[in-house]
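File shown: work.txt (compact mmCIF, C-alpha atoms).
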```
# COMPACT_ATOMS: atom_id res chain seq x y z
CA MET T 1 39.35 -31.67 8.31
CA THR T 2 39.05 -31.90 4.52
CA ALA T 3 38.53 -28.79 2.40
CA SER T 4 34.99 -29.90 1.54
CA ALA T 5 34.11 -30.52 5.22
CA GLN T 6 35.53 -27.12 6.14
CA ALA T 7 33.56 -25.42 3.35
CA ALA T 8 30.36 -27.19 4.48
CA ALA T 9 30.92 -25.95 8.04
CA VAL T 10 31.40 -22.39 6.77
CA ILE T 11 28.21 -22.61 4.69
CA ARG T 12 26.22 -23.84 7.71
CA GLU T 13 27.50 -20.88 9.71
CA ALA T 14 26.76 -18.41 6.89
CA LEU T 15 23.23 -19.72 6.33
CA ALA T 16 22.44 -19.60 10.04
CA ALA T 17 23.69 -15.99 10.17
CA ALA T 18 21.74 -15.03 7.02
CA ASP T 19 18.43 -15.64 8.79
CA VAL T 20 16.92 -17.50 5.83
CA GLU T 21 15.04 -20.77 5.68
CA TRP T 22 17.45 -23.57 4.78
CA GLU T 23 18.06 -27.29 5.05
CA GLU T 24 20.82 -29.77 4.38
CA PRO T 25 19.12 -32.74 2.64
CA ASP T 26 22.47 -34.48 2.07
CA ASP T 27 25.85 -33.94 3.64
CA GLY T 28 27.39 -30.98 1.79
CA THR T 29 24.22 -30.05 -0.11
CA PHE T 30 22.34 -27.01 1.15
CA VAL T 31 19.01 -25.63 -0.04
CA ALA T 32 18.14 -22.09 1.00
CA VAL T 33 14.99 -20.08 0.32
CA LEU T 34 15.63 -16.38 -0.32
CA PRO T 35 12.68 -14.00 0.08
CA GLY T 36 12.16 -11.47 -2.71
CA GLN T 37 9.80 -8.83 -4.03
CA ALA T 38 9.05 -9.51 -7.71
CA ARG T 39 9.83 -13.19 -7.34
CA LEU T 40 8.42 -14.00 -3.92
CA ARG T 41 11.01 -16.67 -3.19
CA THR T 42 14.10 -18.01 -4.88
CA THR T 43 15.41 -21.43 -3.95
CA VAL T 44 19.16 -21.81 -4.26
CA ALA T 45 21.16 -25.02 -3.94
CA LEU T 46 24.74 -24.89 -2.73
CA SER T 47 26.60 -28.16 -3.32
CA VAL T 48 30.05 -28.72 -1.90
CA GLY T 49 32.16 -30.85 -4.19
CA GLU T 50 35.69 -32.12 -3.87
CA HIS T 51 37.19 -28.94 -5.33
CA ALA T 52 34.40 -26.40 -5.78
CA LEU T 53 31.11 -25.08 -4.48
CA SER T 54 28.33 -25.26 -7.09
CA ILE T 55 25.52 -22.72 -7.00
CA ASN T 56 22.21 -23.41 -8.75
CA ALA T 57 18.96 -21.40 -8.54
CA PHE T 58 15.82 -21.75 -10.66
CA VAL T 59 14.65 -18.37 -12.00
CA ALA T 60 11.87 -18.98 -14.56
CA ARG T 61 10.43 -21.66 -16.76
CA ARG T 62 11.02 -21.72 -20.51
CA PRO T 63 9.58 -18.59 -22.12
CA ASP T 64 6.38 -19.11 -24.09
CA GLU T 65 7.45 -16.63 -26.77
CA ASN T 66 10.20 -14.28 -27.88
CA HIS T 67 12.95 -16.78 -26.97
CA GLU T 68 15.71 -15.00 -28.84
CA ALA T 69 15.06 -11.68 -27.08
CA VAL T 70 14.87 -13.34 -23.66
CA TYR T 71 18.08 -15.31 -24.10
CA ARG T 72 19.87 -12.32 -25.62
CA TRP T 73 18.84 -10.17 -22.66
CA LEU T 74 20.13 -12.84 -20.26
CA LEU T 75 23.46 -13.11 -22.08
CA GLU T 76 23.88 -9.34 -22.08
CA ARG T 77 23.18 -9.32 -18.32
CA ASN T 78 25.80 -12.03 -17.74
CA ARG T 79 28.56 -9.53 -18.49
CA ARG T 80 27.72 -7.62 -15.30
CA LEU T 81 27.00 -10.44 -12.83
CA TYR T 82 29.08 -11.52 -9.87
CA ALA T 83 29.74 -15.18 -8.98
CA VAL T 84 26.81 -16.57 -11.01
CA SER T 85 25.49 -16.30 -14.54
CA PHE T 86 22.25 -17.04 -16.30
CA ALA T 87 21.98 -20.41 -18.02
CA ILE T 88 19.27 -22.55 -19.56
CA ASP T 89 18.72 -26.27 -19.23
CA ALA T 90 17.73 -28.73 -21.96
CA LEU T 91 14.09 -27.64 -21.61
CA GLY T 92 14.91 -23.92 -21.90
CA ASP T 93 14.19 -23.18 -18.23
CA ILE T 94 16.27 -20.31 -16.83
CA TYR T 95 18.70 -20.72 -13.93
CA LEU T 96 21.46 -18.85 -12.19
CA VAL T 97 24.54 -21.04 -11.91
CA GLY T 98 28.05 -20.61 -10.61
CA ARG T 99 31.09 -22.30 -9.20
CA LEU T 100 33.56 -21.14 -6.56
CA PRO T 101 36.79 -22.82 -5.56
CA LEU T 102 36.53 -24.22 -2.02
CA ALA T 103 39.42 -21.96 -0.97
CA ALA T 104 37.18 -18.95 -1.68
CA VAL T 105 34.33 -20.14 0.57
CA SER T 106 33.97 -17.85 3.59
CA THR T 107 30.94 -16.59 5.48
CA GLN T 108 31.30 -13.23 3.75
CA GLU T 109 31.58 -14.82 0.31
CA VAL T 110 28.56 -17.08 0.90
CA ASP T 111 26.61 -13.98 1.96
CA ARG T 112 27.73 -12.15 -1.21
CA VAL T 113 26.75 -15.10 -3.39
CA LEU T 114 23.31 -15.38 -1.76
CA GLY T 115 22.86 -11.62 -2.20
CA SER T 116 23.86 -11.87 -5.85
CA VAL T 117 21.45 -14.74 -6.50
CA LEU T 118 18.61 -12.85 -4.83
CA GLU T 119 19.36 -9.58 -6.61
CA TYR T 120 19.69 -11.15 -10.05
CA ALA T 121 16.71 -13.54 -9.77
CA ASP T 122 14.39 -10.99 -8.19
CA GLY T 123 15.60 -8.00 -10.19
CA SER T 124 15.34 -9.81 -13.53
CA PHE T 125 12.09 -11.65 -12.97
CA ASN T 126 9.61 -9.05 -14.27
CA THR T 127 11.72 -8.35 -17.35
CA ILE T 128 11.94 -12.07 -18.13
CA LEU T 129 8.17 -12.40 -17.70
CA GLU T 130 7.45 -9.37 -19.85
CA LEU T 131 9.79 -10.47 -22.64
CA GLY T 132 8.86 -14.14 -22.62
CA PHE T 133 5.26 -14.26 -21.42
CA ALA T 134 3.62 -11.02 -22.58
CA SER T 135 0.75 -12.81 -24.36
CA SER T 136 0.00 -14.89 -21.26
CA ILE T 137 0.08 -11.79 -19.08
CA ARG T 138 -2.34 -10.01 -21.43
CA ARG T 139 -4.70 -13.02 -21.36
CA GLU T 140 -4.46 -13.16 -17.56
CA TRP T 141 -5.34 -9.45 -17.34
CA ALA T 142 -8.34 -9.89 -19.63
CA TRP T 143 -9.53 -13.03 -17.83
CA ARG T 144 -9.34 -11.42 -14.40
CA ILE T 145 -11.00 -8.18 -15.51
CA SER T 146 -13.82 -10.06 -17.26
CA ARG T 147 -14.58 -11.94 -14.05
CA GLY T 148 -13.99 -9.10 -11.59
CA GLU T 149 -10.96 -10.86 -10.09
CA SER T 150 -8.14 -9.03 -8.34
CA THR T 151 -5.31 -7.81 -10.55
CA ALA T 152 -3.13 -6.67 -7.65
CA ASN T 153 -0.30 -9.08 -8.38
CA LEU T 154 -0.28 -7.97 -12.03
CA ALA T 155 0.42 -4.32 -11.11
CA ALA T 156 4.01 -4.51 -12.43
CA PHE T 157 2.49 -5.27 -15.83
CA ALA T 158 -0.22 -2.58 -15.89
CA HIS T 159 1.06 -1.41 -19.29
CA LEU T 160 0.04 -4.84 -20.66
CA ALA T 161 -3.53 -4.56 -19.37
CA PRO T 162 -6.21 -4.40 -22.04
CA GLU T 163 -7.95 -1.11 -22.64
CA SER T 164 -11.36 -1.06 -20.98
CA GLY T 165 -13.74 -3.12 -23.06
CA ASP T 166 -10.95 -4.60 -25.20
CA GLY T 167 -10.44 -7.76 -23.12
CA ASP T 168 -11.10 -11.18 -24.57
CA GLU T 169 -14.02 -12.41 -22.52
CA ASP T 170 -13.23 -16.05 -23.25
CA ALA T 171 -9.50 -15.86 -22.54
CA ALA T 172 -8.21 -18.60 -20.30
CA PRO T 173 -5.96 -17.76 -17.36
CA ALA T 174 -2.20 -17.99 -17.85
CA GLN T 175 -0.76 -21.34 -16.81
CA GLU T 176 2.23 -20.68 -14.55
```
Rewritten as structure tokens:
Amino acid sequence: MTASAQAAAVIREALAAADVEWEEPDDGTFVAVLPGQARLRTTVALSVGEHALSINAFVARRPDENHEAVYRWLLERNRRLYAVSFAIDALGDIYLVGRLPLAAVSTQEVDRVLGSVLEYADGSFNTILELGFASSIRREWAWRISRGESTANLAAFAHLAPESGDGDEDAAPAQE
């Protein structure tokens, strides 16, 4: 059995044991959905190559504002991360990416990597939103309040809510 076939077999076993939704759209490519709190679900792709396992998970779209502060915060976080790091694509969208040598692929290591991806994506999500989308969040608050809509899923951003009577009645909802 080749190293890549062996790694793929280990990943199948680890994903089955992790009790998460997953599929294998191509031989050696796995897509798992990790449930979270702040970010309700994080999709992570594990791709077995000839020499390494690639890890790739979308975290957030390109920030609307405050790019420098968002990217600086991500880079500062990278110093403390295990197995993956924050990266941006050509559009500025934010990902967690990593690479492991196939020799390091074990059920325990796959579990650690999945845990890291979940912790970093979920744990960073609200900060990324607050730094990069504060104006949109404020508009969303105002729009929902002006129409009597629920603000339950904005609770993490209560400090960005407009003061009573200060909302922009004509504000459009945030486009996410």
Legend entry - Nearest residue to Ser47 of chain T from the set T:Leu102, T:Leu131, T:Leu81, T:Leu96 (distances using all atoms listed in the file): T:Leu102
Long-range neighbours of segment 120-126 of chain T as a PDB file with C-alpha atoms, keeping the file's coordinate frame, 7 Å cut-off, only C-alpha atoms, 2 positions minimum in chain:
```pdb
ATOM      1  CA  GLY T  36      12.160 -11.470  -2.710  1.00  0.00           C
ATOM      2  CA  GLN T  37       9.800  -8.830  -4.030  1.00  0.00           C
ATOM      3  CA  ALA T  38       9.050  -9.510  -7.710  1.00  0.00           C
ATOM      4  CA  ARG T  39       9.830 -13.190  -7.340  1.00  0.00           C
ATOM      5  CA  VAL T  59      14.650 -18.370 -12.000  1.00  0.00           C
ATOM      6  CA  SER T 116      23.860 -11.870  -5.850  1.00  0.00           C
ATOM      7  CA  VAL T 117      21.450 -14.740  -6.500  1.00  0.00           C
ATOM      8  CA  LEU T 118      18.610 -12.850  -4.830  1.00  0.00           C
ATOM      9  CA  ILE T 128      11.940 -12.070 -18.130  1.00  0.00           C
ATOM     10  CA  LEU T 129       8.170 -12.400 -17.700  1.00  0.00           C
ATOM     11  CA  GLU T 130       7.450  -9.370 -19.850  1.00  0.00           C
TER      12      GLU T 130
END
```
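Of the residues under consideration (T:Leu114, T:Trp73, T:Pro63, T:Arg139), T:Pro63 shows the shortest atom-to-atom contact distance to Asp93 of chain T when counting all atoms listed in the file.
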Inset, instruction - Give me the residues within 10 Å of Ala158 of chain T as a PyMOL selection string, counting only C-alpha atoms and dropping any in the same chain fewer than 6 places off. - result: chain T and resi 137-138+141+151-152
Legend entry - Spatial neighbours of Ala9 of chain T, 12 Å, only C-alpha atoms, chain gap at least 6 places, as a VMD selection string: chain T and resid 1 to 3 15 to 16 24 27 to 30 48 102 105 to 107 110
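From atom CA of Ile94 of chain T back to atom CA of Ala17 of chain T, the distance works out to 28.3 Å.
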Legend entry - Protein/DNA/RNA residues near (23.9, -20.5, -21.9), cut 10 Å, only C-alpha atoms, as an NGL selection string: :T and (71-72 or 74-75 or 78 or 85-89 or 92 or 94-95)
Based on the selection just made, write C-alpha atoms of those residues as an mmCIF file, in the frame of the given file.
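The result, written out as again35.cif:
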```cif
data_model
loop_
_atom_site.group_PDB
_atom_site.id
_atom_site.type_symbol
_atom_site.label_atom_id
_atom_site.label_comp_id
_atom_site.auth_asym_id
_atom_site.auth_seq_id
_atom_site.Cartn_x
_atom_site.Cartn_y
_atom_site.Cartn_z
ATOM 1 C CA TYR T 71 18.080 -15.310 -24.100
ATOM 2 C CA ARG T 72 19.870 -12.320 -25.620
ATOM 3 C CA LEU T 74 20.130 -12.840 -20.260
ATOM 4 C CA LEU T 75 23.460 -13.110 -22.080
ATOM 5 C CA ASN T 78 25.800 -12.030 -17.740
ATOM 6 C CA SER T 85 25.490 -16.300 -14.540
ATOM 7 C CA PHE T 86 22.250 -17.040 -16.300
ATOM 8 C CA ALA T 87 21.980 -20.410 -18.020
ATOM 9 C CA ILE T 88 19.270 -22.550 -19.560
ATOM 10 C CA ASP T 89 18.720 -26.270 -19.230
ATOM 11 C CA GLY T 92 14.910 -23.920 -21.900
ATOM 12 C CA ILE T 94 16.270 -20.310 -16.830
ATOM 13 C CA TYR T 95 18.700 -20.720 -13.930
#
```
Quick one: everything within 7 Å of Gly132 of chain T, counting all atoms listed in the file, minus sequence neighbours fewer than 4 positions away in the same chain. Send it as an mmCIF file with C-alpha atoms, in the coordinates of the input.
```cif
data_model
loop_
_atom_site.group_PDB
_atom_site.id
_atom_site.type_symbol
_atom_site.label_atom_id
_atom_site.label_comp_id
_atom_site.auth_asym_id
_atom_site.auth_seq_id
_atom_site.Cartn_x
_atom_site.Cartn_y
_atom_site.Cartn_z
ATOM 1 C CA PRO T 63 9.580 -18.590 -22.120
ATOM 2 C CA ASP T 64 6.380 -19.110 -24.090
ATOM 3 C CA GLU T 65 7.450 -16.630 -26.770
ATOM 4 C CA ASN T 66 10.200 -14.280 -27.880
ATOM 5 C CA HIS T 67 12.950 -16.780 -26.970
ATOM 6 C CA VAL T 70 14.870 -13.340 -23.660
ATOM 7 C CA ILE T 128 11.940 -12.070 -18.130
#
```
Inset, instruction - For each of T:Leu91, T:Ala83, T:Ala7, T:Leu34, take the minimum atom-to-atom distance to Ala60 of chain T, counting only C-alpha atoms, then give the residue where this is smallest. - result: T:Leu91
Legend entry - Of the listed residues T:Leu53, T:Ala8, T:Ala161, T:Val97, that which approaches Glu140 of chain T most closely, counting all atoms listed in the file: T:Ala161
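Proximity ranking of T:Val113, T:Ala5, T:Val20, T:Ile55 relative to Tyr82 of chain T places T:Val113 first, based on all atoms listed in the file.
Between atom CA of Gly49 of chain T and atom CA of Ile11 of chain T the separation is 12.7 Å.
Interatomic distance, atom CA of Ala155 of chain T to atom CA of Glu76 of chain T: 26.4 Å.
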Inset, instruction - Kindly indicate which residue among T:Leu40, T:Thr127, T:Ala32, T:Ala103 lies nearest to Asn153 of chain T, using all atoms listed in the file for the distances. - result: T:Leu40
Could you write segment 78-89 of chain T as a short mmCIF file (atom, residue, chain, number, x, y, z; two decimals), keeping the file's coordinate frame, with all heavy atoms rebuilt where they are missing?
```
data_model
loop_
_atom_site.label_atom_id
_atom_site.label_comp_id
_atom_site.auth_asym_id
_atom_site.auth_seq_id
_atom_site.Cartn_x
_atom_site.Cartn_y
_atom_site.Cartn_z
N ASN T 78 24.70 -11.22 -18.28
CA ASN T 78 25.80 -12.03 -17.74
C ASN T 78 27.11 -11.26 -17.64
O ASN T 78 27.92 -11.54 -16.76
CB ASN T 78 26.02 -13.29 -18.59
CG ASN T 78 25.08 -14.40 -18.21
OD1 ASN T 78 24.41 -14.37 -17.18
ND2 ASN T 78 25.01 -15.41 -19.07
N ARG T 79 27.31 -10.30 -18.51
CA ARG T 79 28.56 -9.53 -18.49
C ARG T 79 28.74 -8.75 -17.20
O ARG T 79 29.85 -8.38 -16.85
CB ARG T 79 28.60 -8.55 -19.66
CG ARG T 79 28.62 -9.22 -21.00
CD ARG T 79 28.62 -8.23 -22.13
NE ARG T 79 28.66 -6.87 -21.65
CZ ARG T 79 28.89 -5.80 -22.37
NH1 ARG T 79 29.09 -5.93 -23.63
NH2 ARG T 79 28.89 -4.60 -21.86
N ARG T 80 27.65 -8.47 -16.49
CA ARG T 80 27.72 -7.62 -15.30
C ARG T 80 27.49 -8.37 -13.99
O ARG T 80 27.41 -7.75 -12.94
CB ARG T 80 26.68 -6.50 -15.42
CG ARG T 80 26.88 -5.61 -16.63
CD ARG T 80 25.91 -4.44 -16.67
NE ARG T 80 24.51 -4.81 -16.57
CZ ARG T 80 23.71 -5.06 -17.60
NH1 ARG T 80 24.18 -5.00 -18.82
NH2 ARG T 80 22.45 -5.36 -17.42
N LEU T 81 27.35 -9.68 -14.03
CA LEU T 81 27.00 -10.44 -12.83
C LEU T 81 28.23 -10.88 -12.05
O LEU T 81 29.30 -11.08 -12.61
CB LEU T 81 26.16 -11.65 -13.20
CG LEU T 81 24.88 -11.39 -14.00
CD1 LEU T 81 24.08 -12.67 -14.16
CD2 LEU T 81 24.02 -10.32 -13.34
N TYR T 82 28.02 -11.06 -10.75
CA TYR T 82 29.08 -11.52 -9.87
C TYR T 82 28.79 -12.94 -9.39
O TYR T 82 27.69 -13.22 -8.92
CB TYR T 82 29.19 -10.59 -8.64
CG TYR T 82 30.19 -11.06 -7.64
CD1 TYR T 82 31.55 -10.86 -7.85
CD2 TYR T 82 29.80 -11.75 -6.49
CE1 TYR T 82 32.48 -11.31 -6.96
CE2 TYR T 82 30.73 -12.20 -5.58
CZ TYR T 82 32.07 -11.99 -5.81
OH TYR T 82 33.00 -12.45 -4.93
N ALA T 83 29.75 -13.82 -9.52
CA ALA T 83 29.74 -15.18 -8.98
C ALA T 83 28.80 -16.16 -9.69
O ALA T 83 29.03 -17.36 -9.63
CB ALA T 83 29.44 -15.19 -7.49
N VAL T 84 27.76 -15.69 -10.31
CA VAL T 84 26.81 -16.57 -11.01
C VAL T 84 26.51 -15.97 -12.37
O VAL T 84 26.79 -14.81 -12.62
CB VAL T 84 25.49 -16.76 -10.21
CG1 VAL T 84 25.72 -17.53 -8.93
CG2 VAL T 84 24.82 -15.42 -9.94
N SER T 85 25.92 -16.79 -13.23
CA SER T 85 25.49 -16.30 -14.54
C SER T 85 24.20 -17.02 -14.91
O SER T 85 23.89 -18.08 -14.37
CB SER T 85 26.56 -16.52 -15.60
OG SER T 85 26.91 -17.88 -15.68
N PHE T 86 23.46 -16.41 -15.82
CA PHE T 86 22.25 -17.04 -16.30
C PHE T 86 22.61 -18.19 -17.23
O PHE T 86 23.57 -18.12 -17.99
CB PHE T 86 21.37 -16.03 -17.06
CG PHE T 86 20.67 -15.07 -16.15
CD1 PHE T 86 21.10 -13.76 -16.03
CD2 PHE T 86 19.56 -15.48 -15.41
CE1 PHE T 86 20.45 -12.87 -15.20
CE2 PHE T 86 18.90 -14.59 -14.57
CZ PHE T 86 19.36 -13.28 -14.46
N ALA T 87 21.81 -19.24 -17.16
CA ALA T 87 21.98 -20.41 -18.02
C ALA T 87 20.61 -21.00 -18.28
O ALA T 87 19.65 -20.69 -17.56
CB ALA T 87 22.88 -21.44 -17.33
N ILE T 88 20.52 -21.83 -19.29
CA ILE T 88 19.27 -22.55 -19.56
C ILE T 88 19.57 -24.04 -19.55
O ILE T 88 20.68 -24.47 -19.85
CB ILE T 88 18.61 -22.12 -20.89
CG1 ILE T 88 19.53 -22.36 -22.08
CG2 ILE T 88 18.17 -20.67 -20.83
CD1 ILE T 88 18.87 -22.16 -23.43
N ASP T 89 18.56 -24.82 -19.19
CA ASP T 89 18.72 -26.27 -19.23
C ASP T 89 18.20 -26.80 -20.56
O ASP T 89 17.82 -26.02 -21.45
CB ASP T 89 18.05 -26.93 -18.02
CG ASP T 89 16.53 -26.82 -18.01
OD1 ASP T 89 15.92 -26.34 -18.99
OD2 ASP T 89 15.93 -27.21 -16.99
#
```
